[in-house]
Amino acid sequence: MSMTMETGPAEGLPVPGPEASGDELFRLGMLYSTGQGGAPLDYVSAHMLFNLAAMRGSVEAKIYRKELSQEMASEEVAEAQRAAREWLAQA
């Protein structure tokens, strides 16, 4: 993968740079949503990444984002949406 990595929502974990594809964002969202691959179980970060992936054309991300939002408190969903907007503003 040739992504530029920046410090992510969780301590020390990478977040794709602005050139990341929907598929790359989706894969990282999967890691956060399941707590695999060294990522913590973090629904807010996962939702943010699925949201960004969906915006970049990932159909799977739309499905997972919807399912995940049903498991989250409305405040958590709002936090994830804010984080996605901040990421986009830096992209």
# chains A, B, ... in the order shown; residues from 1 in each chain; ligands from 1
>>> select_by_dssp(residues="segment 5-68 of chain A", states="strand (DSSP E or B)", output="number ranges by chain")
A: 5-7, 14-16
>>> write_last_selection(atoms="N, CA, C and O atoms", output="short mmCIF file (atom, residue, chain, number, x, y, z; two decimals), in the first residue's frame")
data_model
loop_
_atom_site.label_atom_id
_atom_site.label_comp_id
_atom_site.auth_asym_id
_atom_site.auth_seq_id
_atom_site.Cartn_x
_atom_site.Cartn_y
_atom_site.Cartn_z
N MET A 5 0.60 7.84 5.91
CA MET A 5 -0.05 7.55 7.18
C MET A 5 0.11 8.74 8.13
O MET A 5 1.16 9.35 8.20
N GLU A 6 -0.95 9.01 8.84
CA GLU A 6 -0.95 10.06 9.85
C GLU A 6 -1.44 9.43 11.14
O GLU A 6 -1.99 8.34 11.13
N THR A 7 -1.26 10.12 12.25
CA THR A 7 -1.74 9.59 13.51
C THR A 7 -3.25 9.52 13.46
O THR A 7 -3.91 10.47 13.07
N PRO A 14 -2.24 4.20 12.35
CA PRO A 14 -2.27 5.02 11.14
C PRO A 14 -3.68 5.22 10.58
O PRO A 14 -4.54 4.36 10.73
N VAL A 15 -3.87 6.35 9.96
CA VAL A 15 -5.09 6.64 9.21
C VAL A 15 -4.65 6.98 7.80
O VAL A 15 -3.65 7.66 7.62
N PRO A 16 -5.35 6.48 6.80
CA PRO A 16 -4.94 6.77 5.43
C PRO A 16 -4.90 8.26 5.15
O PRO A 16 -5.69 9.03 5.71
#
>>> residues_around(residues="Ala53 of chain A", least_positions_apart="4", cutoff="8 Å", atoms="only C-alpha atoms", output="NGL selection string")
:A and (21-26 or 49 or 57-58 or 61)
>>> closest_residue(among="A:Val44, A:Leu68, A:Ala84, A:Leu52", to="Ala20 of chain A", atoms="only C-alpha atoms")
A:Leu52
>>> residues_around(residues="His47 of chain A", least_positions_apart="6", cutoff="9 Å", atoms="only C-alpha atoms", output="list of chain:residue names")
A:Gly29, A:Tyr32, A:Ser33, A:Ala61, A:Tyr64, A:Arg65, A:Lys66, A:Leu68, A:Ser69, A:Val77, A:Ala80, A:Gln81, A:Ala84
>>> closest_residue(among="A:Ile63, A:Arg82, A:Met55, A:Gly17", to="Met30 of chain A", atoms="only C-alpha atoms")
A:Ile63
>>> select_by_dssp(residues="chain A", states="helix (DSSP H, G or I)", output="count of residues only")
54
